[in-house]
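> Please find model_1.txt (compact mmCIF, C-alpha atoms and all ligand atoms) on the next line:
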# COMPACT_ATOMS: atom_id res chain seq x y z
CA MET A 22 -213.28 -12.38 -83.11
CA THR A 23 -210.19 -10.26 -83.42
CA HIS A 24 -206.57 -10.95 -82.64
CA SER A 25 -205.89 -7.71 -80.91
CA ASN A 26 -205.48 -7.45 -77.20
CA ASN A 27 -206.93 -3.93 -77.12
CA ASN A 28 -209.94 -5.06 -79.17
CA LYS A 29 -209.01 -2.99 -82.20
CA PRO A 30 -209.27 -5.09 -85.36
CA ARG A 31 -205.95 -5.20 -87.23
CA PHE A 32 -205.91 -4.15 -90.90
CA LEU A 33 -203.56 -4.51 -93.83
CA ILE A 34 -204.05 -2.20 -96.84
CA ILE A 35 -202.85 -3.39 -100.23
CA LYS A 36 -203.14 -1.97 -103.74
CA VAL A 37 -202.11 -3.05 -107.21
CA ILE A 38 -200.29 -0.15 -108.83
CA ASN A 39 -198.89 0.60 -112.25
CA PRO A 40 -195.27 -0.61 -112.78
CA HIS A 41 -194.25 3.03 -113.31
CA ASP A 42 -195.86 4.30 -110.09
CA HIS A 43 -193.60 5.18 -107.20
CA ARG A 44 -194.04 2.78 -104.30
CA ASP A 45 -193.58 5.22 -101.39
CA GLU A 46 -195.69 7.90 -103.00
CA GLN A 47 -198.55 5.41 -103.36
CA LEU A 48 -198.17 4.16 -99.79
CA ASN A 49 -198.29 7.75 -98.54
CA SER A 50 -201.51 8.31 -100.45
CA PHE A 51 -203.31 5.72 -98.26
CA GLY A 52 -203.97 8.37 -95.59
CA GLU A 53 -207.65 8.66 -96.36
CA GLU A 54 -208.25 4.90 -96.14
CA GLU A 55 -206.33 4.86 -92.85
CA SER A 56 -208.61 7.50 -91.42
CA LEU A 57 -211.68 5.60 -92.68
CA ILE A 58 -210.39 2.52 -90.85
CA LYS A 59 -209.80 4.59 -87.73
CA THR A 60 -213.38 5.89 -87.94
CA LEU A 61 -214.45 2.26 -87.98
CA GLY A 62 -212.49 1.55 -84.79
CA GLY A 63 -209.69 -0.41 -86.49
CA ARG A 64 -205.92 -0.05 -86.73
CA VAL A 65 -203.74 -0.23 -89.85
CA VAL A 66 -200.70 -2.34 -88.95
CA PHE A 67 -199.22 -2.83 -92.42
CA LYS A 68 -199.43 -1.25 -95.87
CA THR A 69 -198.10 -2.64 -99.12
CA VAL A 70 -198.43 -2.38 -102.90
CA GLN A 71 -197.93 -4.73 -105.81
CA HIS A 72 -196.56 -3.50 -109.13
CA ARG A 73 -198.56 -5.12 -111.95
CA PRO A 74 -199.69 -3.84 -115.36
CA LYS A 75 -203.23 -4.77 -114.25
CA PRO A 76 -204.82 -6.66 -111.35
CA HIS A 77 -204.81 -10.48 -111.43
CA GLY A 78 -208.02 -11.64 -113.11
CA ALA A 79 -208.92 -14.22 -110.46
CA THR A 80 -207.55 -12.87 -107.18
CA TYR A 81 -206.77 -9.15 -107.75
CA ILE A 82 -203.20 -9.56 -106.39
CA GLY A 83 -200.91 -12.09 -108.05
CA LEU A 84 -200.43 -15.55 -106.58
CA GLY A 85 -196.88 -14.79 -105.37
CA LYS A 86 -198.23 -11.80 -103.49
CA VAL A 87 -200.97 -13.99 -102.00
CA GLU A 88 -198.22 -16.11 -100.39
CA GLU A 89 -196.58 -12.93 -99.05
CA VAL A 90 -199.91 -11.77 -97.58
CA LYS A 91 -200.34 -15.17 -95.91
CA GLU A 92 -196.99 -14.64 -94.15
CA LEU A 93 -198.05 -11.12 -93.15
CA ILE A 94 -201.30 -12.46 -91.69
CA LYS A 95 -199.31 -14.80 -89.44
CA LYS A 96 -196.67 -12.23 -88.54
CA HIS A 97 -199.00 -9.31 -87.77
CA LEU A 98 -202.05 -11.27 -86.58
CA LEU A 99 -204.26 -9.53 -89.09
CA ASP A 100 -208.07 -9.51 -89.08
CA TYR A 101 -208.86 -7.62 -92.31
CA ILE A 102 -207.21 -7.20 -95.70
CA VAL A 103 -208.38 -4.06 -97.50
CA LEU A 104 -207.85 -3.95 -101.27
CA ASN A 105 -207.57 -0.23 -101.87
CA ASP A 106 -209.50 -0.33 -105.12
CA ILE A 107 -212.91 -1.16 -106.52
CA VAL A 108 -212.63 -4.91 -107.05
CA PHE A 109 -214.96 -7.49 -108.63
CA PRO A 110 -216.85 -9.52 -105.98
CA GLY A 111 -215.54 -12.79 -107.50
CA GLN A 112 -211.92 -11.66 -107.10
CA ILE A 113 -212.51 -10.75 -103.45
CA PHE A 114 -214.24 -14.08 -102.85
CA ARG A 115 -211.43 -16.17 -104.39
CA LEU A 116 -208.68 -14.25 -102.61
CA GLU A 117 -210.47 -14.60 -99.29
CA LYS A 118 -210.82 -18.34 -99.79
CA LEU A 119 -207.08 -18.68 -100.47
CA LEU A 120 -206.25 -16.72 -97.31
CA TRP A 121 -208.54 -18.88 -95.19
CA GLY A 122 -205.76 -21.44 -95.65
CA VAL A 123 -203.79 -19.63 -92.94
CA ASP A 124 -206.63 -18.15 -90.92
CA SER A 125 -210.32 -18.89 -91.38
CA ASN A 126 -211.29 -15.65 -89.65
CA ILE A 127 -209.63 -13.38 -92.18
CA THR A 128 -211.94 -10.98 -94.04
CA VAL A 129 -211.11 -9.37 -97.38
CA TRP A 130 -212.69 -6.04 -98.28
CA ASP A 131 -212.37 -3.64 -101.14
CA ARG A 132 -212.96 0.10 -100.96
CA VAL A 133 -216.72 -0.32 -101.39
CA ASP A 134 -216.90 -2.77 -98.46
CA LEU A 135 -214.88 -0.38 -96.31
CA ILE A 136 -217.18 2.55 -97.03
CA LEU A 137 -220.27 0.37 -96.59
CA ALA A 138 -219.00 -0.75 -93.18
CA ILE A 139 -218.75 2.89 -92.09
CA PHE A 140 -222.15 3.69 -93.54
CA ASN A 141 -223.55 0.75 -91.61
CA LYS A 142 -222.13 2.09 -88.39
CA HIS A 143 -223.59 5.56 -88.91
CA ALA A 144 -226.94 4.87 -90.58
CA LEU A 145 -229.79 6.21 -88.48
CA SER A 146 -232.77 6.70 -90.78
CA SER A 147 -234.66 3.83 -92.34
CA GLU A 148 -234.00 5.42 -95.73
CA ALA A 149 -230.22 5.27 -95.22
CA LYS A 150 -230.47 1.69 -93.95
CA LEU A 151 -232.43 0.63 -97.03
CA GLN A 152 -229.96 2.31 -99.37
CA ILE A 153 -227.02 0.58 -97.65
CA GLU A 154 -228.71 -2.80 -97.80
CA LEU A 155 -229.37 -2.31 -101.49
CA ALA A 156 -225.76 -1.34 -102.23
CA LYS A 157 -224.53 -4.28 -100.13
CA LEU A 158 -226.69 -6.86 -101.86
CA HIS A 159 -225.46 -5.61 -105.22
CA HIS A 160 -221.81 -5.53 -104.18
CA LEU A 161 -221.50 -8.82 -102.29
CA GLY A 162 -222.07 -10.91 -105.41
CA PRO A 163 -220.80 -14.47 -104.93
CA ARG A 164 -219.81 -13.70 -101.35
CA ILE A 165 -223.49 -13.52 -100.45
CA TYR A 166 -223.64 -17.29 -100.44
CA GLY A 167 -220.68 -17.50 -98.06
CA LEU A 168 -219.17 -20.91 -97.64
CA GLY A 169 -221.91 -22.61 -99.62
CA GLY A 170 -221.02 -20.47 -102.60
CA THR A 171 -221.18 -21.42 -106.24
CA VAL A 172 -217.52 -22.39 -106.36
CA LEU A 173 -217.85 -24.85 -103.49
CA SER A 174 -221.06 -26.36 -104.72
CA ARG A 175 -219.45 -27.07 -108.08
CA GLN A 176 -216.49 -28.74 -106.41
CA ARG A 177 -218.68 -30.94 -104.27
CA GLY A 178 -220.89 -31.95 -107.14
CA GLY A 179 -217.98 -33.13 -109.27
CA ILE A 180 -217.74 -32.88 -113.02
CA GLY A 181 -221.11 -32.66 -114.71
CA GLY A 182 -222.99 -33.27 -111.44
CA ARG A 183 -225.29 -30.84 -109.73
CA GLY A 184 -223.74 -29.47 -106.57
CA LEU A 185 -225.04 -30.53 -103.19
CA GLY A 186 -225.53 -26.94 -102.23
CA GLU A 187 -227.41 -26.12 -105.41
CA THR A 188 -230.92 -26.20 -103.93
CA ASN A 189 -229.94 -24.03 -101.00
CA ILE A 190 -228.24 -21.56 -103.29
CA GLU A 191 -231.37 -21.39 -105.43
CA ILE A 192 -233.47 -20.68 -102.33
CA MET A 193 -230.97 -17.99 -101.28
CA ARG A 194 -231.00 -16.47 -104.74
CA ARG A 195 -234.77 -16.27 -104.78
CA HIS A 196 -234.81 -14.81 -101.29
CA ILE A 197 -232.26 -12.14 -102.27
CA LYS A 198 -234.16 -11.31 -105.45
CA ASN A 199 -237.36 -10.81 -103.45
CA ARG A 200 -235.54 -8.72 -100.88
CA LEU A 201 -234.06 -6.53 -103.64
CA ARG A 202 -237.51 -5.98 -105.12
CA THR A 203 -238.98 -5.05 -101.72
CA ILE A 204 -236.20 -2.54 -101.03
CA GLU A 205 -236.42 -1.04 -104.50
CA ASP A 206 -240.20 -0.60 -104.09
CA LYS A 207 -239.77 1.08 -100.72
CA ILE A 208 -237.08 3.41 -102.09
CA ALA A 209 -239.22 4.27 -105.11
CA LYS A 210 -242.04 5.20 -102.72
CA ILE A 211 -239.74 7.46 -100.67
CA MET A 212 -238.49 9.10 -103.89
CA GLY A 213 -242.08 9.72 -104.99
CA GLN A 214 -243.01 11.37 -101.68
CA LYS A 215 -239.89 13.52 -101.79
CA LYS A 216 -240.64 14.66 -105.32
CA GLU A 217 -244.16 15.70 -104.29
CA LYS A 218 -242.81 17.67 -101.34
CA LEU A 219 -240.19 19.35 -103.52
CA LEU A 220 -242.85 20.39 -106.01
CA ALA A 221 -245.17 21.66 -103.28
CA ARG A 222 -242.38 23.81 -101.83
CA ARG A 223 -241.46 25.17 -105.23
CA ASN A 224 -245.09 26.07 -105.91
CA LYS A 225 -245.22 27.99 -102.63
CA GLY A 226 -242.07 29.87 -103.63
CA VAL A 227 -239.96 28.49 -100.76
CA LYS A 228 -236.26 28.62 -101.64
CA THR A 229 -233.97 25.72 -100.77
CA ILE A 230 -230.21 25.87 -100.24
CA ALA A 231 -228.23 22.61 -100.16
CA LEU A 232 -224.93 22.09 -98.35
CA VAL A 233 -222.78 19.64 -100.26
CA GLY A 234 -219.08 18.82 -100.26
CA TYR A 235 -216.34 16.42 -99.27
CA THR A 236 -216.80 14.55 -96.02
CA ASN A 237 -215.64 16.25 -92.78
CA VAL A 238 -215.57 19.80 -94.18
CA GLY A 239 -218.12 21.28 -91.76
CA LYS A 240 -221.46 20.93 -93.57
CA THR A 241 -223.35 19.89 -90.45
CA LYS A 242 -221.55 22.48 -88.32
CA LEU A 243 -222.78 25.18 -90.73
CA PHE A 244 -226.26 23.60 -90.84
CA ASN A 245 -226.46 23.79 -87.04
CA PHE A 246 -225.25 27.41 -87.08
CA LEU A 247 -227.88 28.38 -89.66
CA THR A 248 -230.84 26.51 -88.18
CA GLY A 249 -230.12 26.46 -84.46
CA LYS A 250 -230.34 22.66 -84.55
CA ASP A 251 -227.98 20.31 -82.79
CA LYS A 252 -227.13 17.56 -85.28
CA GLN A 253 -224.06 15.46 -84.61
CA VAL A 254 -220.78 17.04 -85.70
CA ALA A 255 -217.57 14.99 -85.50
CA ASP A 256 -214.01 14.97 -86.73
CA ALA A 257 -214.63 11.86 -88.82
CA ALA A 258 -215.74 10.77 -92.27
CA PHE A 259 -219.41 10.10 -93.03
CA THR A 260 -220.91 11.32 -89.76
CA THR A 261 -223.99 12.36 -91.73
CA LEU A 262 -225.70 9.82 -93.98
CA ASP A 263 -229.24 11.08 -94.44
CA SER A 264 -230.50 14.39 -95.59
CA CYS A 265 -232.02 16.78 -93.10
CA LEU A 266 -234.00 19.95 -93.72
CA GLY A 267 -234.01 23.03 -91.52
CA LYS A 268 -235.37 26.56 -91.72
CA ILE A 269 -233.20 29.66 -91.86
CA LYS A 270 -234.06 33.30 -91.53
CA GLN A 271 -232.38 35.43 -94.15
CA SER A 272 -231.30 39.02 -93.63
CA ASP A 273 -234.20 40.31 -95.74
CA GLY A 274 -236.62 38.68 -93.30
CA GLN A 275 -237.57 35.94 -95.74
CA SER A 276 -237.07 32.36 -94.73
CA ALA A 277 -235.48 29.59 -96.75
CA LEU A 278 -234.87 25.91 -96.25
CA VAL A 279 -231.41 24.46 -95.93
CA VAL A 280 -230.56 20.82 -96.50
CA ASP A 281 -227.56 19.00 -95.03
CA THR A 282 -226.55 15.68 -96.49
CA ILE A 283 -223.96 12.93 -96.98
CA GLY A 284 -220.39 13.96 -97.87
CA PHE A 285 -218.29 12.66 -100.74
CA VAL A 286 -214.83 11.04 -100.93
CA LYS A 287 -212.40 10.48 -103.78
CA ASN A 288 -213.00 7.39 -105.93
CA LEU A 289 -216.49 7.10 -104.53
CA PRO A 290 -217.78 3.91 -106.11
CA PRO A 291 -220.49 4.74 -108.67
CA SER A 292 -222.69 2.00 -107.18
CA LEU A 293 -222.76 3.91 -103.89
CA ILE A 294 -223.66 7.20 -105.55
CA GLU A 295 -226.44 5.35 -107.33
CA ALA A 296 -227.70 3.83 -104.07
CA PHE A 297 -227.66 7.22 -102.33
CA LYS A 298 -229.52 9.11 -105.07
CA PRO A 299 -232.76 9.26 -103.04
CA THR A 300 -230.87 11.01 -100.23
CA LEU A 301 -229.05 13.30 -102.63
CA MET A 302 -232.19 14.15 -104.56
CA GLU A 303 -233.15 17.06 -102.31
CA SER A 304 -229.68 18.57 -102.74
CA ILE A 305 -229.54 18.14 -106.49
CA HIS A 306 -232.89 19.85 -106.95
CA SER A 307 -232.21 22.76 -104.59
CA ASP A 308 -232.31 26.31 -105.92
CA THR A 309 -228.78 26.99 -104.71
CA ILE A 310 -225.95 24.61 -103.81
CA PHE A 311 -223.29 25.70 -101.37
CA HIS A 312 -220.19 23.61 -102.10
CA ILE A 313 -218.51 23.60 -98.69
CA ILE A 314 -214.70 23.36 -98.73
CA ASP A 315 -212.35 22.74 -95.78
CA PHE A 316 -209.97 25.63 -96.41
CA SER A 317 -207.60 24.40 -93.67
CA ASP A 318 -207.03 21.09 -95.48
CA PRO A 319 -203.76 21.02 -97.46
CA LYS A 320 -205.53 18.87 -100.06
CA PHE A 321 -208.51 21.19 -100.51
CA LYS A 322 -207.91 21.78 -104.23
CA GLU A 323 -207.94 18.06 -105.10
CA LYS A 324 -211.11 17.68 -103.07
CA ILE A 325 -212.80 20.54 -104.95
CA THR A 326 -212.09 18.66 -108.19
CA THR A 327 -213.52 15.41 -106.78
CA VAL A 328 -216.74 17.05 -105.61
CA GLU A 329 -217.20 18.98 -108.86
CA ALA A 330 -216.85 15.75 -110.85
CA ILE A 331 -219.48 13.99 -108.72
CA LEU A 332 -221.87 16.93 -109.00
CA THR A 333 -221.45 16.90 -112.77
CA ASP A 334 -222.16 13.14 -112.79
CA LEU A 335 -225.32 13.78 -110.82
CA GLY A 336 -226.42 16.24 -113.47
CA VAL A 337 -226.29 19.33 -111.27
CA ASP A 338 -226.60 22.68 -113.04
CA ARG A 339 -223.21 24.43 -112.55
CA GLU A 340 -224.87 27.84 -112.37
CA LYS A 341 -226.42 26.88 -109.03
CA ILE A 342 -223.09 26.08 -107.34
CA VAL A 343 -221.48 28.54 -104.94
CA CYS A 344 -218.05 27.74 -103.46
CA VAL A 345 -217.87 28.30 -99.71
CA PHE A 346 -214.43 28.14 -98.09
CA ASN A 347 -215.01 27.08 -94.48
CA LYS A 348 -212.78 26.84 -91.35
CA LEU A 349 -211.37 30.30 -92.01
CA ASP A 350 -210.49 30.50 -88.29
CA LEU A 351 -207.82 27.81 -88.82
CA VAL A 352 -206.15 29.54 -91.74
CA SER A 353 -203.37 32.14 -91.64
CA LYS A 354 -204.02 35.69 -92.87
CA GLU A 355 -201.49 35.15 -95.70
CA LYS A 356 -203.21 32.03 -97.00
CA LYS A 357 -206.55 33.81 -96.88
CA LEU A 358 -205.22 36.79 -98.85
CA GLU A 359 -203.57 34.52 -101.38
CA ALA A 360 -206.75 32.46 -101.88
CA LYS A 361 -208.90 35.56 -102.05
CA LYS A 362 -206.76 36.77 -104.92
CA GLU A 363 -206.86 33.37 -106.61
CA PHE A 364 -210.54 32.55 -106.14
CA PHE A 365 -212.38 35.73 -105.37
CA GLY A 366 -215.38 36.39 -107.53
CA ASN A 367 -219.13 36.34 -107.33
CA ASN A 368 -219.24 32.63 -106.65
CA TYR A 369 -216.68 32.41 -103.84
CA HIS A 370 -217.20 33.05 -100.15
CA PHE A 371 -215.03 32.66 -97.06
CA ILE A 372 -216.62 31.68 -93.75
CA SER A 373 -216.08 29.97 -90.42
CA ALA A 374 -218.92 27.78 -89.16
CA ALA A 375 -217.13 27.79 -85.79
CA THR A 376 -217.03 31.57 -85.27
CA GLY A 377 -219.81 32.65 -87.63
CA GLU A 378 -217.47 34.93 -89.59
CA GLY A 379 -218.68 35.65 -93.13
CA ILE A 380 -221.98 33.78 -92.79
CA GLU A 381 -224.28 36.79 -92.76
CA LYS A 382 -222.63 38.13 -95.88
CA LEU A 383 -222.93 34.74 -97.57
CA LEU A 384 -226.67 34.52 -96.85
CA GLY A 385 -227.23 38.11 -97.88
CA THR A 386 -226.14 37.22 -101.38
CA TYR A 387 -228.63 34.35 -101.90
N1 LIG B 1 -212.08 25.16 -86.46
C1 LIG B 1 -213.15 24.86 -87.17
N2 LIG B 1 -213.63 23.60 -87.16
C2 LIG B 1 -214.72 23.34 -87.90
C3 LIG B 1 -215.41 24.33 -88.65
N3 LIG B 1 -216.45 23.74 -89.26
C4 LIG B 1 -216.43 22.44 -88.89
N4 LIG B 1 -215.41 22.18 -88.06
C5 LIG B 1 -215.02 20.87 -87.49
O1 LIG B 1 -214.82 19.96 -88.56
C6 LIG B 1 -215.26 18.64 -88.20
C7 LIG B 1 -216.28 18.15 -89.20
O2 LIG B 1 -217.47 18.89 -89.07
P1 LIG B 1 -218.88 18.33 -89.55
O3 LIG B 1 -219.86 19.48 -89.51
O4 LIG B 1 -219.25 17.08 -88.84
O5 LIG B 1 -218.51 17.99 -91.06
P2 LIG B 1 -219.43 17.35 -92.21
O6 LIG B 1 -219.00 18.00 -93.48
O7 LIG B 1 -220.86 17.44 -91.83
O8 LIG B 1 -218.90 15.86 -92.19
P3 LIG B 1 -219.67 14.46 -92.57
O9 LIG B 1 -221.09 14.54 -92.16
O10 LIG B 1 -218.89 13.44 -91.81
O11 LIG B 1 -219.48 14.32 -94.06
C8 LIG B 1 -215.79 18.77 -86.78
O12 LIG B 1 -214.76 18.40 -85.89
C9 LIG B 1 -216.14 20.25 -86.65
O13 LIG B 1 -216.07 20.72 -85.32
C10 LIG B 1 -214.85 25.68 -88.65
O14 LIG B 1 -215.34 26.61 -89.29
N5 LIG B 1 -213.73 25.86 -87.90
MG MG B 2 -222.23 16.02 -91.50
Written as structure tokens, how would this file's structure read?

Amino acid sequence: MTHSNNNKPRFLIIKVINPHDHRDEQLNSFGEEESLIKTLGGRVVFKTVQHRPKPHGATYIGLGKVEEVKELIKKHLLDYIVLNDIVFPGQIFRLEKLLWGVDSNITVWDRVDLILAIFNKHALSSEAKLQIELAKLHHLGPRIYGLGGTVLSRQRGGIGGRGLGETNIEIMRRHIKNRLRTIEDKIAKIMGQKKEKLLARRNKGVKTIALVGYTNVGKTKLFNFLTGKDKQVADAAFTTLDSCLGKIKQSDGQSALVVDTIGFVKNLPPSLIEAFKPTLMESIHSDTIFHIIDFSDPKFKEKITTVEAILTDLGVDREKIVCVFNKLDLVSKEKKLEAKKEFFGNNYHFISAATGEGIEKLLGTY
């Protein structure tokens, strides 16, 4: 159920920021979360921050701010509150419970929940679905038990007593534990099969090139150009969630495999990277990694840093990484010349996956 008359769920984004941080600057930096919410089909109707040396231990935002958010819920008919941070499940749970005082339909998410919701919408393969379920089970924490959660059961049971909901919670816990084990077994099996295939390819001398990078930079567009496939390309975050292999013919007549996979975003929760390791495995172990960059994006330099940090975390050998500046067709001649001066070297290439410019030269080098 949503409040909106055009069926678009209404969102508020809120973040606890350092007392020295500039309010407007922080609010302006919410652009990426806004576009994630748009991808999800929602609408951001209000944004706010709270200055605090650190988040409130129990409810993330302070109790005064909770009252302010309650007023905002009434005023703007909100459906979702997004905490623009990685927040402990218990904090989300307690804050949500407080807000139910004004509207029992209100849902509180943190950044992980937001990304998981988008993943959920786009997951096609059973592998991606399993990985999302695993990440979700780990991240929901106390919220998994919903209304019959540990907090409630303790209240009902009174001091020293066993809660009424205790038995049900135990059953739930056991069920979740079993489910986690089943998923982990299935994922381990998929990983094993992938490893075997990787080894078999390597033994046959087949080269693999992986396309990695920030989300929405044109990885799939380039993949389609190289392989003649028709995978979905969209102006949105996380269109691709699984990894997909295709064959390419290189200029020397030899063929190689190319792998397209999930994109990254800034502050990607480590738990999500962990959950998506099976999907990323093919990329990490490729012979060459093309780091695709959206050259038309004003924030491309920050995004390069984000992706490089994630690749380092994943243990990728830096020697294998080649920077590929894409969307050259959208960039002015001056900017191109300037960047060529700044970045040009053996490991930098400029291409357009839309027009094909520069792609032959790129492939000729690897
Ligand atoms: N003009 C122009 N647009 C491009 C180019 N490459 C990709 N695009 C557009 O950029 C958007 C994102 O392209 P995708 O290929 O879906 O990007 P991706 O990196 O696979 O994104 P995710 O799978 O969501 O992480 C789409 O709207 C593409 O049409 C290019 O070289 N030039
Ligand atoms: Mg894609």
> Considering all atoms listed in the file, state which residue in the set A:Gln71, A:Thr282, A:Asn368, A:Ser276 is at the smallest distance from ligand LIG 1 (chain B).
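Answer, going by the shortest atom-to-atom distance: A:Thr282.
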> Kindly indicate which residue among A:Gly379, A:Gly249, A:Gly162, A:Gly85 lies nearest to ligand LIG 1 (chain B), using all atoms listed in the file for the distances.
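Among the listed residues, the smallest separation from ligand LIG 1 (chain B) belongs to A:Gly379.
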> Compare A:Glu363, A:Val328, A:Ile113, A:Leu262 by their minimum atom-to-atom distance to Ser146 of chain A, counting all atoms listed in the file, and give me the closest one.
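Smallest distance to Ser146 of chain A is found for A:Leu262.
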> Listed atoms of ligand LIG 1 (chain B), axis-aligned box, 8 Å per side: centre and edge lengths to one decimal in Å, as lines of an AutoDock Vina configuration file?

center_x = -216.6
center_y = 20.0
center_z = -89.7
size_x = 25.0
size_y = 29.2
size_z = 24.7
> Which residues form the shell of 9 Å around ligand MG 2 (chain B) when you count all atoms listed in the file, given as a ChimeraX atom specification?
/A:236-242,244,252-255,258-262,281-284
> What is the atom CA of Thr333 of chain A to atom CA of Ile380 of chain A distance in Å?
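Interatomic distance, atom CA of Thr333 of chain A to atom CA of Ile380 of chain A: 26.2 Å.
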> Rounded to one decimal place, report the atom CA of Lys75 of chain A-atom CA of Val37 of chain A distance in Å.
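Going from atom CA of Lys75 of chain A over to atom CA of Val37 of chain A, I get 7.3 Å.
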> Between A:Ser56, A:Thr248, A:Ser317, A:Asn189, single out the one closest to ligand LIG 1 (chain B), counting only C-alpha atoms and all ligand atoms.
A:Ser317
> Smallest atom-to-atom distance to Lys142 of chain A: which of A:Ile372, A:Ala330, A:Val352, A:Leu61, using all atoms listed in the file?
A:Leu61
> Between atom N3 of ligand LIG 1 (chain B) and atom CA of Ser373 of chain A, what distance in Å does the model show, to one decimal?
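For atom N3 of ligand LIG 1 (chain B) relative to atom CA of Ser373 of chain A, the distance reads 6.3 Å.
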> Taking all atoms listed in the file into account, which of A:Thr60, A:Thr69, A:Asn49, A:Asn199 comes nearest Leu33 of chain A?
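Of the candidates, the smallest distance to Leu33 of chain A is held by A:Thr69.
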> Would you mind putting back N, CA, C and O atoms on segment 199-211 of chain A, then writing it out as a PDB file, in the frame of the given file?

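As a result, rebuild-v1.pdb now contains:
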ATOM      1  N   ASN A 199    -236.147 -11.383-104.061  1.00  0.00           N
ATOM      2  CA  ASN A 199    -237.360 -10.810-103.450  1.00  0.00           C
ATOM      3  C   ASN A 199    -237.037  -9.625-102.577  1.00  0.00           C
ATOM      4  O   ASN A 199    -237.718  -8.621-102.576  1.00  0.00           O
ATOM      5  N   ARG A 200    -235.954  -9.791-101.800  1.00  0.00           N
ATOM      6  CA  ARG A 200    -235.540  -8.720-100.880  1.00  0.00           C
ATOM      7  C   ARG A 200    -235.173  -7.466-101.684  1.00  0.00           C
ATOM      8  O   ARG A 200    -235.557  -6.356-101.333  1.00  0.00           O
ATOM      9  N   LEU A 201    -234.452  -7.664-102.790  1.00  0.00           N
ATOM     10  CA  LEU A 201    -234.060  -6.530-103.640  1.00  0.00           C
ATOM     11  C   LEU A 201    -235.298  -5.807-104.150  1.00  0.00           C
ATOM     12  O   LEU A 201    -235.365  -4.584-104.122  1.00  0.00           O
ATOM     13  N   ARG A 202    -236.293  -6.595-104.570  1.00  0.00           N
ATOM     14  CA  ARG A 202    -237.510  -5.980-105.120  1.00  0.00           C
ATOM     15  C   ARG A 202    -238.221  -5.176-104.029  1.00  0.00           C
ATOM     16  O   ARG A 202    -238.674  -4.059-104.259  1.00  0.00           O
ATOM     17  N   THR A 203    -238.313  -5.754-102.823  1.00  0.00           N
ATOM     18  CA  THR A 203    -238.980  -5.050-101.720  1.00  0.00           C
ATOM     19  C   THR A 203    -238.281  -3.719-101.434  1.00  0.00           C
ATOM     20  O   THR A 203    -238.922  -2.684-101.287  1.00  0.00           O
ATOM     21  N   ILE A 204    -236.936  -3.771-101.354  1.00  0.00           N
ATOM     22  CA  ILE A 204    -236.200  -2.540-101.030  1.00  0.00           C
ATOM     23  C   ILE A 204    -236.401  -1.510-102.143  1.00  0.00           C
ATOM     24  O   ILE A 204    -236.651  -0.336-101.876  1.00  0.00           O
ATOM     25  N   GLU A 205    -236.285  -1.975-103.378  1.00  0.00           N
ATOM     26  CA  GLU A 205    -236.420  -1.040-104.500  1.00  0.00           C
ATOM     27  C   GLU A 205    -237.813  -0.390-104.500  1.00  0.00           C
ATOM     28  O   GLU A 205    -237.931   0.809-104.755  1.00  0.00           O
ATOM     29  N   ASP A 206    -238.839  -1.176-104.166  1.00  0.00           N
ATOM     30  CA  ASP A 206    -240.200  -0.600-104.090  1.00  0.00           C
ATOM     31  C   ASP A 206    -240.284   0.460-103.012  1.00  0.00           C
ATOM     32  O   ASP A 206    -240.848   1.530-103.216  1.00  0.00           O
ATOM     33  N   LYS A 207    -239.707   0.123-101.838  1.00  0.00           N
ATOM     34  CA  LYS A 207    -239.770   1.080-100.720  1.00  0.00           C
ATOM     35  C   LYS A 207    -239.048   2.374-101.085  1.00  0.00           C
ATOM     36  O   LYS A 207    -239.522   3.472-100.804  1.00  0.00           O
ATOM     37  N   ILE A 208    -237.866   2.228-101.719  1.00  0.00           N
ATOM     38  CA  ILE A 208    -237.080   3.410-102.090  1.00  0.00           C
ATOM     39  C   ILE A 208    -237.832   4.247-103.131  1.00  0.00           C
ATOM     40  O   ILE A 208    -237.886   5.475-103.040  1.00  0.00           O
ATOM     41  N   ALA A 209    -238.460   3.552-104.084  1.00  0.00           N
ATOM     42  CA  ALA A 209    -239.220   4.270-105.110  1.00  0.00           C
ATOM     43  C   ALA A 209    -240.342   5.086-104.466  1.00  0.00           C
ATOM     44  O   ALA A 209    -240.624   6.215-104.868  1.00  0.00           O
ATOM     45  N   LYS A 210    -240.959   4.520-103.425  1.00  0.00           N
ATOM     46  CA  LYS A 210    -242.040   5.200-102.720  1.00  0.00           C
ATOM     47  C   LYS A 210    -241.498   6.465-102.032  1.00  0.00           C
ATOM     48  O   LYS A 210    -242.085   7.546-102.133  1.00  0.00           O
ATOM     49  N   ILE A 211    -240.361   6.308-101.348  1.00  0.00           N
ATOM     50  CA  ILE A 211    -239.740   7.460-100.670  1.00  0.00           C
ATOM     51  C   ILE A 211    -239.410   8.554-101.690  1.00  0.00           C
ATOM     52  O   ILE A 211    -239.678   9.734-101.466  1.00  0.00           O
TER      53      ILE A 211
END
